[in-house]
Structure formats: C-alpha cells, structure tokens
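K.L.:
After the structure tokens below, expect a handful of questions from me.
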Amino acid sequence: GGATAEAIKKACGVDSPRLQTLLTALASVKCLRRTPEGMYLLSPNTAQYMVTSSRHFYGDYLRFQIGRQFYHRMGALPDVMTSGKAPSYASWFSDPEVAKTYTQAQHNGSVATAKYLVKKKLQLGGITSMLDVGGGSGAFSYVFVGATPGLKSTVLELPEVCRTAETIKAQQPEDIQSRVIFVELDATSPAWPVKDGDFELVLMSYISGSVPEPIIADLYANAYKALKPGGRLLVHDFMVNDSLDGPALGALWGLQHVTVNADGLGLCPQEI
C-alpha cells in the first residue's frame, strides 16, 4: 500500500514543492513512513489515532483544541510569565464559539480515555450516583453510566459548555440521556448547587490543573462534602512526577495551561 508524493499531491490538490516539505517533516517525526521506493505509509500511531474511521480517533482534539486554540495562546506565554495576567477558563469560555470548539474537540479523546479506565483500571461496582465536576461534554459520564446499570450522573460545568454538551448528549442512547443531567456552575465557586453527602462517586477529570492554586483546597473540600460516607473521589489529570523532572507530556500540558490559568499548579501527586 501507500502512495507516492505525486499521488498525494493530486489527492490534496497541491502541486507544489511545499507538499514534499510537509511530507518530509511528517516522516521525520514518524507520523509517516517513507519506503526506499519513495512510498509513504501511515505510521501505526497515525493510523490508530488520526484516521477518522478508527475507534481510537483523536484528531479533533489535536486539530481544533490544540491547533486552533492552545497553539495561538502559547504566543502569549512570555507576557503571561512576566505579568501573571491571563484569561481564566470562565472568562475564556464565556465566548460561545471558544467553548463550543474546545468542548467538541475534547469529546472523542475523553470518551476513549473513559472507556480505557472502565475496562482496565476501575471497578465502579453497583454505584447509583455520580458527580462529574467540570465534566465538559459529559464524555466520562456517558461511558460510566453506560457501563453501570442504574447509575445517574450530574455534570457541573460552565454555562456555555453546558449548551454545547446538551447537543452532544442528544446524540447518546435514550437510556443514557435520561441518566445524565447538566447543572451550570463555575467549579471555582465556593458553593456548589448539590446536596452534601449525596454522591457515591465524585469525578474531577482535567480540572485540578485548570484552576488557580489558591482555589484547589476549596475545590477538594467541596468534592469531599458532596461524597456519601465511604464514597470515592476520583482524580484524573495530567501530572508530573514528584521529582519535578517529567514526564515531558505532563509538563508541557501544564505549561500550555499557564496561558489560561496563570496561577495554576503543574500538578504532581504529592501536591494532590
């Protein structure tokens, strides 16, 4: 299989040397493989994560959230580092288009991660109540509810994110739709619109590193208040080692989030 550079030029409608420059760059970082005969093939990772028909497709996250949002925000990093001034997630997501792009782009990646956790890491048991704090599209809730008969989930999210999430929810099976609800909230708020001791599971995915450091203690205090006695708090996030020397992806994720959360932490387990 595979295709020559000329065939790719025709398929893309780009008859210019710049396409060869792109192919060379992609081969250099192992997104493509170039055979001695000059044929280009997808690398295993590209075939698994960047092809829309793959059940592990992750391309929307990279194309939209990283490519259209964080890539541009990184241009502000020098100013943010010296001034400490950056938008918060709440102010950033007050723009409906920003919230929509981010939420839709994150959805497929979160679904894949949630499925992996349910299959490989978590034993949810027979729980019936779940609070999904900063749950975005509701991806984790859809997967957890779908895997657990009788489980109902409440997702706390910013208003504009909830609007996009409701359109994604409408695409889920009716049984799952009926067991997932969205409640508008900025998770940094000192009071959450839920009852104390009402949930067997509280999930905080990708949120600990997305709020200012002074807020984190209150965030966890609210999460514990929402738990029933014996309930579980599940923290899922990018983190670095306690030795603060890696891994690279966790460290770089934390760095990009400085541009929308100037007072946040590059979290490590010890801090949690």
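Residue numbering restarts at 1 for every chain of the structure tokens, chains are lettered A, B, ... in their displayed order, and ligands are numbered from 1 as they appear.
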Please, which residues of range 94-197 of chain A, numbered as in this document, come out helix (DSSP H, G or I) from DSSP, as a VMD selection string?
P.N.:
chain A and resid 96 to 121 139 to 147 159 to 169 174 to 178
K.L.:
Residues of range 112-188 of chain A that have any atom at most 12 Å from an atom of range 232-249 of chain A: could you tabulate them with the shortest-distance atom pair and the distance in Å to one decimal, using only C-alpha atoms, ordered by chain and increasing number, as a tab-separated table?
P.N.:
residue	atom	partner	partner_atom	distance
A:Thr113	CA	A:His236	CA	10.0
A:Ala114	CA	A:His236	CA	10.0
A:Leu117	CA	A:His236	CA	9.9
A:Lys121	CA	A:Leu234	CA	11.6
A:Leu122	CA	A:Leu234	CA	9.9
A:Gln123	CA	A:Arg232	CA	11.3
A:Leu124	CA	A:Arg232	CA	9.8
A:Gly125	CA	A:Arg232	CA	11.5
A:Ile127	CA	A:Arg232	CA	10.3
A:Ser129	CA	A:Arg232	CA	11.0
A:Met130	CA	A:Arg232	CA	9.7
A:Leu131	CA	A:Leu233	CA	9.6
A:Asp132	CA	A:Leu234	CA	9.7
A:Val133	CA	A:Val235	CA	10.2
A:Gly134	CA	A:His236	CA	11.6
A:Gly135	CA	A:His236	CA	11.3
A:Phe140	CA	A:His236	CA	10.7
K.L.:
Would you put the residues from that selection into a file with N, CA, C and O atoms, as an mmCIF file, in the first residue's frame?
P.N.:
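Wrote it out as selection_19.cif, contents follow:
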data_model
loop_
_atom_site.group_PDB
_atom_site.id
_atom_site.type_symbol
_atom_site.label_atom_id
_atom_site.label_comp_id
_atom_site.auth_asym_id
_atom_site.auth_seq_id
_atom_site.Cartn_x
_atom_site.Cartn_y
_atom_site.Cartn_z
ATOM 1 N N THR A 113 -10.563 7.797 26.677
ATOM 2 C CA THR A 113 -9.907 7.656 27.978
ATOM 3 C C THR A 113 -10.838 7.020 28.993
ATOM 4 O O THR A 113 -10.435 6.141 29.769
ATOM 5 N N ALA A 114 -12.090 7.459 29.011
ATOM 6 C CA ALA A 114 -13.064 6.902 29.959
ATOM 7 C C ALA A 114 -13.272 5.413 29.721
ATOM 8 O O ALA A 114 -13.351 4.621 30.674
ATOM 9 N N LEU A 117 -10.335 3.525 31.134
ATOM 10 C CA LEU A 117 -10.373 3.447 32.599
ATOM 11 C C LEU A 117 -11.364 2.398 33.080
ATOM 12 O O LEU A 117 -11.071 1.615 33.986
ATOM 13 N N LYS A 121 -8.848 -0.095 34.535
ATOM 14 C CA LYS A 121 -8.381 0.459 35.802
ATOM 15 C C LYS A 121 -9.419 0.511 36.912
ATOM 16 O O LYS A 121 -9.072 0.441 38.086
ATOM 17 N N LEU A 122 -10.690 0.685 36.569
ATOM 18 C CA LEU A 122 -11.699 0.986 37.579
ATOM 19 C C LEU A 122 -12.685 -0.157 37.778
ATOM 20 O O LEU A 122 -13.068 -0.834 36.824
ATOM 21 N N GLN A 123 -13.099 -0.317 39.007
ATOM 22 C CA GLN A 123 -14.221 -1.190 39.333
ATOM 23 C C GLN A 123 -15.309 -0.289 39.926
ATOM 24 O O GLN A 123 -15.234 0.107 41.082
ATOM 25 N N LEU A 124 -16.286 0.070 39.111
ATOM 26 C CA LEU A 124 -17.307 1.007 39.574
ATOM 27 C C LEU A 124 -18.308 0.353 40.521
ATOM 28 O O LEU A 124 -18.949 1.031 41.331
ATOM 29 N N GLY A 125 -18.438 -0.961 40.422
ATOM 30 C CA GLY A 125 -19.377 -1.665 41.292
ATOM 31 C C GLY A 125 -20.815 -1.286 40.983
ATOM 32 O O GLY A 125 -21.159 -0.910 39.863
ATOM 33 N N ILE A 127 -22.625 1.344 42.026
ATOM 34 C CA ILE A 127 -22.953 2.703 42.457
ATOM 35 C C ILE A 127 -24.140 3.244 41.662
ATOM 36 O O ILE A 127 -24.383 2.855 40.517
ATOM 37 N N SER A 129 -24.986 6.897 42.058
ATOM 38 C CA SER A 129 -24.936 8.363 41.990
ATOM 39 C C SER A 129 -23.514 8.845 41.768
ATOM 40 O O SER A 129 -22.570 8.374 42.406
ATOM 41 N N MET A 130 -23.376 9.798 40.848
ATOM 42 C CA MET A 130 -22.055 10.285 40.465
ATOM 43 C C MET A 130 -22.128 11.780 40.215
ATOM 44 O O MET A 130 -23.084 12.285 39.625
ATOM 45 N N LEU A 131 -21.090 12.491 40.654
ATOM 46 C CA LEU A 131 -20.947 13.918 40.376
ATOM 47 C C LEU A 131 -19.710 14.099 39.512
ATOM 48 O O LEU A 131 -18.609 13.708 39.904
ATOM 49 N N ASP A 132 -19.883 14.689 38.345
ATOM 50 C CA ASP A 132 -18.817 14.869 37.362
ATOM 51 C C ASP A 132 -18.487 16.360 37.323
ATOM 52 O O ASP A 132 -19.176 17.149 36.685
ATOM 53 N N VAL A 133 -17.432 16.753 38.033
ATOM 54 C CA VAL A 133 -17.107 18.165 38.217
ATOM 55 C C VAL A 133 -16.273 18.677 37.048
ATOM 56 O O VAL A 133 -15.215 18.135 36.756
ATOM 57 N N GLY A 134 -16.763 19.715 36.374
ATOM 58 C CA GLY A 134 -16.063 20.215 35.196
ATOM 59 C C GLY A 134 -16.036 19.165 34.104
ATOM 60 O O GLY A 134 -15.029 18.992 33.415
ATOM 61 N N GLY A 135 -17.168 18.483 33.932
ATOM 62 C CA GLY A 135 -17.237 17.304 33.073
ATOM 63 C C GLY A 135 -17.317 17.555 31.586
ATOM 64 O O GLY A 135 -17.484 16.611 30.808
ATOM 65 N N PHE A 140 -17.142 11.345 30.157
ATOM 66 C CA PHE A 140 -16.911 10.359 31.205
ATOM 67 C C PHE A 140 -18.234 9.862 31.783
ATOM 68 O O PHE A 140 -18.393 8.674 32.067
#
K.L.:
List the spatial neighbours of Gln104 in chain A as a ChimeraX atom specification - criterion: any atom at most 8 Å away, only C-alpha atoms, same-chain residues fewer than 4 positions off excluded.
P.N.:
/A:60,100,108,137,164
K.L.:
Record the distance separating CA of Arg73 in chain A and CA of His107 in chain A, expressed in Å with one decimal.
P.N.:
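Going from CA of Arg73 in chain A over to CA of His107 in chain A, I get 20.5 Å.
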K.L.:
Tell me, as a PyMOL selection string, which residues lie within 10 Å of Leu62 in chain A, counting only C-alpha atoms; anything in the same chain fewer than 4 positions away does not count.
P.N.:
chain A and resi 50+58+66-71+105-106+109
K.L.:
Only N, CA and C atoms, please: the residues just picked out, written as a PDB file, in the first residue's frame.
P.N.:
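And here's part15.pdb as it stands now:
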ATOM      1  N   MET A  50      -5.268   9.100  14.190  1.00  0.00           N
ATOM      2  CA  MET A  50      -5.535  10.252  13.333  1.00  0.00           C
ATOM      3  C   MET A  50      -6.434   9.937  12.142  1.00  0.00           C
ATOM      4  N   TYR A  58      -8.371  10.554  17.570  1.00  0.00           N
ATOM      5  CA  TYR A  58      -8.044  11.635  18.497  1.00  0.00           C
ATOM      6  C   TYR A  58      -7.786  12.944  17.747  1.00  0.00           C
ATOM      7  N   ILE A  66      -5.948  21.954  20.232  1.00  0.00           N
ATOM      8  CA  ILE A  66      -4.532  22.310  20.245  1.00  0.00           C
ATOM      9  C   ILE A  66      -4.199  23.256  19.091  1.00  0.00           C
ATOM     10  N   GLY A  67      -4.589  22.877  17.865  1.00  0.00           N
ATOM     11  CA  GLY A  67      -4.212  23.654  16.687  1.00  0.00           C
ATOM     12  C   GLY A  67      -4.840  25.032  16.626  1.00  0.00           C
ATOM     13  N   ARG A  68      -6.122  25.143  16.962  1.00  0.00           N
ATOM     14  CA  ARG A  68      -6.818  26.416  16.813  1.00  0.00           C
ATOM     15  C   ARG A  68      -6.875  27.243  18.088  1.00  0.00           C
ATOM     16  N   GLN A  69      -6.628  26.612  19.232  1.00  0.00           N
ATOM     17  CA  GLN A  69      -6.777  27.354  20.482  1.00  0.00           C
ATOM     18  C   GLN A  69      -5.460  27.464  21.242  1.00  0.00           C
ATOM     19  N   PHE A  70      -4.924  26.371  21.737  1.00  0.00           N
ATOM     20  CA  PHE A  70      -3.731  26.468  22.578  1.00  0.00           C
ATOM     21  C   PHE A  70      -2.487  26.876  21.798  1.00  0.00           C
ATOM     22  N   TYR A  71      -2.383  26.473  20.534  1.00  0.00           N
ATOM     23  CA  TYR A  71      -1.220  26.868  19.741  1.00  0.00           C
ATOM     24  C   TYR A  71      -1.128  28.393  19.690  1.00  0.00           C
ATOM     25  N   ALA A 105     -13.987  19.368  20.576  1.00  0.00           N
ATOM     26  CA  ALA A 105     -12.680  18.781  20.292  1.00  0.00           C
ATOM     27  C   ALA A 105     -12.253  17.803  21.372  1.00  0.00           C
ATOM     28  N   GLN A 106     -12.599  18.103  22.611  1.00  0.00           N
ATOM     29  CA  GLN A 106     -12.195  17.262  23.740  1.00  0.00           C
ATOM     30  C   GLN A 106     -12.987  15.960  23.803  1.00  0.00           C
ATOM     31  N   GLY A 109     -11.579  12.354  22.618  1.00  0.00           N
ATOM     32  CA  GLY A 109     -10.456  11.945  23.439  1.00  0.00           C
ATOM     33  C   GLY A 109     -10.884  11.522  24.831  1.00  0.00           C
TER      34      GLY A 109
END
K.L.:
For CA of Cys162 in chain A and CA of Val118 in chain A, determine how far apart the two atoms are, in Å to one decimal place.
P.N.:
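Straight-line distance from CA of Cys162 in chain A to CA of Val118 in chain A works out to 24.1 Å.
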K.L.:
Could you please determine the separation between CA of Tyr40 in chain A and CA of Ser53 in chain A in Å, to one decimal place?
P.N.:
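Distance between the two atoms: 19.5 Å.
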K.L.:
Do you know which residues are at most 8 Å from Ala191 in chain A counting only C-alpha atoms, after dropping those on the same chain fewer than 2 positions away, and could you put them as a list in words?
P.N.:
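After dropping sequence-adjacent residues, the list is Ser189, Pro193 and Asn222 of chain A.
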K.L.:
For Leu32 in chain A, please output as a PyMOL selection string all residues within 9 Å (counting only C-alpha atoms; exclusion window: fewer than 3 positions along the same chain).
P.N.:
chain A and resi 23-29+40-44+46
K.L.:
Write the residues you've just listed into a file as a short mmCIF file (atom, residue, chain, number, x, y, z; two decimals), in the first residue's frame, and include C-alpha atoms for each of them.
P.N.:
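What ended up in part31.cif:
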data_model
loop_
_atom_site.label_atom_id
_atom_site.label_comp_id
_atom_site.auth_asym_id
_atom_site.auth_seq_id
_atom_site.Cartn_x
_atom_site.Cartn_y
_atom_site.Cartn_z
CA LEU A 23 5.79 15.00 3.87
CA THR A 24 9.47 15.14 4.87
CA ALA A 25 8.59 16.82 8.16
CA LEU A 26 5.88 14.24 8.90
CA ALA A 27 8.26 11.38 8.13
CA SER A 28 10.93 12.93 10.35
CA VAL A 29 8.62 12.85 13.39
CA TYR A 40 4.51 6.98 2.02
CA LEU A 41 2.57 4.97 4.58
CA LEU A 42 0.84 5.87 7.82
CA SER A 43 2.78 5.05 10.95
CA PRO A 44 0.94 2.74 13.38
CA THR A 46 -1.14 7.84 12.96
#
K.L.:
I'd like the contact shell of Ala139 in chain A - 7 Å cut-off, only C-alpha atoms, skipping same-chain residues fewer than 3 positions apart - returned as a ChimeraX atom specification.
P.N.:
/A:107,110-111,142-143
K.L.:
Go ahead and write the selection's residues with all heavy atoms as a compact mmCIF listing (two decimals), in the first residue's frame.
P.N.:
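Final file, again17.txt:
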# COMPACT_ATOMS: atom_id res chain seq x y z
N HIS A 107 -14.18 15.95 23.22
CA HIS A 107 -15.13 14.87 23.47
C HIS A 107 -14.59 13.49 23.11
O HIS A 107 -14.59 12.57 23.95
CB HIS A 107 -16.44 15.12 22.72
CG HIS A 107 -17.45 14.04 22.92
ND1 HIS A 107 -18.07 13.81 24.13
CD2 HIS A 107 -17.94 13.09 22.06
CE1 HIS A 107 -18.90 12.79 24.00
NE2 HIS A 107 -18.82 12.34 22.78
N SER A 110 -11.85 12.24 25.40
CA SER A 110 -12.33 11.89 26.74
C SER A 110 -13.11 10.59 26.74
O SER A 110 -13.02 9.80 27.68
CB SER A 110 -13.19 13.03 27.30
OG SER A 110 -12.40 14.16 27.60
N VAL A 111 -13.88 10.35 25.69
CA VAL A 111 -14.61 9.08 25.58
C VAL A 111 -13.63 7.91 25.55
O VAL A 111 -13.81 6.91 26.26
CB VAL A 111 -15.51 9.07 24.33
CG1 VAL A 111 -16.00 7.65 24.03
CG2 VAL A 111 -16.70 10.00 24.51
N TYR A 142 -21.17 9.67 30.24
CA TYR A 142 -21.84 8.78 29.29
C TYR A 142 -21.25 7.37 29.37
O TYR A 142 -21.98 6.38 29.36
CB TYR A 142 -21.72 9.31 27.86
CG TYR A 142 -22.20 10.71 27.65
CD1 TYR A 142 -21.54 11.58 26.79
CD2 TYR A 142 -23.32 11.20 28.31
CE1 TYR A 142 -21.97 12.88 26.60
CE2 TYR A 142 -23.77 12.50 28.13
CZ TYR A 142 -23.07 13.34 27.27
OH TYR A 142 -23.49 14.63 27.08
N VAL A 143 -19.91 7.30 29.43
CA VAL A 143 -19.25 5.99 29.46
C VAL A 143 -19.52 5.28 30.78
O VAL A 143 -19.87 4.10 30.82
CB VAL A 143 -17.74 6.14 29.22
CG1 VAL A 143 -17.02 4.80 29.43
CG2 VAL A 143 -17.48 6.66 27.81
K.L.:
Measuring atom to atom with only C-alpha atoms, identify which of A:Glu166, A:Glu157, A:Asp15, A:Glu184 is nearest to Ile207 in chain A.
P.N.:
A:Glu157
K.L.:
So which one's closest to Leu185 in chain A, A:Leu158, A:Cys31, A:Ala76, A:Leu252? Using only C-alpha atoms, please.
P.N.:
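Closest residue, counting only C-alpha atoms: A:Leu158.
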K.L.:
When DSSP is applied to the backbone of this structure, which of range 1-182 of chain A are assigned strand (DSSP E)? Write them out as a ChimeraX atom specification.
P.N.:
/A:32-34,40-42,129-133,152-157,180-182
K.L.:
Take the residues from that selection and write them out as a short mmCIF file (atom, residue, chain, number, x, y, z; two decimals), in the first residue's frame, keeping N, CA, C and O atoms.
P.N.:
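Saved to part-v4.cif:
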data_model
loop_
_atom_site.label_atom_id
_atom_site.label_comp_id
_atom_site.auth_asym_id
_atom_site.auth_seq_id
_atom_site.Cartn_x
_atom_site.Cartn_y
_atom_site.Cartn_z
N LEU A 32 4.55 9.62 9.39
CA LEU A 32 4.52 8.83 8.16
C LEU A 32 5.79 7.99 8.09
O LEU A 32 6.80 8.31 8.74
N ARG A 33 5.73 6.93 7.29
CA ARG A 33 6.92 6.14 6.99
C ARG A 33 7.19 6.22 5.49
O ARG A 33 6.26 6.09 4.69
N ARG A 34 8.43 6.45 5.11
CA ARG A 34 8.81 6.52 3.69
C ARG A 34 9.66 5.29 3.35
O ARG A 34 10.67 5.02 3.99
N TYR A 40 4.83 6.49 0.68
CA TYR A 40 4.51 6.98 2.02
C TYR A 40 3.37 6.17 2.62
O TYR A 40 2.35 5.94 1.98
N LEU A 41 3.58 5.73 3.87
CA LEU A 41 2.57 4.97 4.58
C LEU A 41 2.32 5.61 5.94
O LEU A 41 3.19 6.27 6.50
N LEU A 42 1.13 5.38 6.49
CA LEU A 42 0.84 5.87 7.82
C LEU A 42 1.64 5.07 8.85
O LEU A 42 1.77 3.86 8.73
N SER A 129 -24.99 6.90 42.06
CA SER A 129 -24.94 8.36 41.99
C SER A 129 -23.51 8.85 41.77
O SER A 129 -22.57 8.37 42.41
N MET A 130 -23.38 9.80 40.85
CA MET A 130 -22.05 10.28 40.47
C MET A 130 -22.13 11.78 40.22
O MET A 130 -23.08 12.29 39.63
N LEU A 131 -21.09 12.49 40.65
CA LEU A 131 -20.95 13.92 40.38
C LEU A 131 -19.71 14.10 39.51
O LEU A 131 -18.61 13.71 39.90
N ASP A 132 -19.88 14.69 38.34
CA ASP A 132 -18.82 14.87 37.36
C ASP A 132 -18.49 16.36 37.32
O ASP A 132 -19.18 17.15 36.68
N VAL A 133 -17.43 16.75 38.03
CA VAL A 133 -17.11 18.17 38.22
C VAL A 133 -16.27 18.68 37.05
O VAL A 133 -15.22 18.13 36.76
N LYS A 152 -26.75 7.24 37.87
CA LYS A 152 -27.14 8.56 37.37
C LYS A 152 -26.01 9.54 37.66
O LYS A 152 -25.37 9.46 38.71
N SER A 153 -25.78 10.46 36.73
CA SER A 153 -24.67 11.41 36.88
C SER A 153 -25.15 12.84 36.73
O SER A 153 -25.95 13.16 35.85
N THR A 154 -24.61 13.70 37.58
CA THR A 154 -24.81 15.14 37.49
C THR A 154 -23.50 15.78 37.07
O THR A 154 -22.47 15.57 37.73
N VAL A 155 -23.52 16.51 35.97
CA VAL A 155 -22.32 17.15 35.44
C VAL A 155 -22.37 18.64 35.77
O VAL A 155 -23.33 19.33 35.41
N LEU A 156 -21.34 19.13 36.46
CA LEU A 156 -21.23 20.56 36.75
C LEU A 156 -20.30 21.20 35.72
O LEU A 156 -19.16 20.76 35.55
N GLU A 157 -20.80 22.23 35.05
CA GLU A 157 -19.98 22.87 34.01
C GLU A 157 -20.38 24.34 33.83
O GLU A 157 -21.44 24.78 34.26
N VAL A 180 -28.18 11.32 32.69
CA VAL A 180 -27.13 12.34 32.80
C VAL A 180 -27.78 13.72 32.72
O VAL A 180 -28.52 13.99 31.78
N ILE A 181 -27.52 14.56 33.72
CA ILE A 181 -28.04 15.92 33.69
C ILE A 181 -26.89 16.91 33.84
O ILE A 181 -25.85 16.59 34.43
N PHE A 182 -27.07 18.10 33.30
CA PHE A 182 -26.08 19.16 33.39
C PHE A 182 -26.60 20.28 34.28
O PHE A 182 -27.76 20.67 34.19
#
K.L.:
Compare A:Val51, A:Val258, A:Ala187, A:Ala251 by their minimum atom-to-atom distance to Ala221 in chain A, counting only C-alpha atoms, and give me the closest one.
P.N.:
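Using only C-alpha atoms, the shortest distance to Ala221 in chain A belongs to A:Ala187.
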K.L.:
Pick from A:Ser88, A:Ser83, A:Gln20, A:Ser205: nearest to Asn261 in chain A, with only C-alpha atoms counted?
P.N.:
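The closest residue to Asn261 in chain A is A:Ser88.
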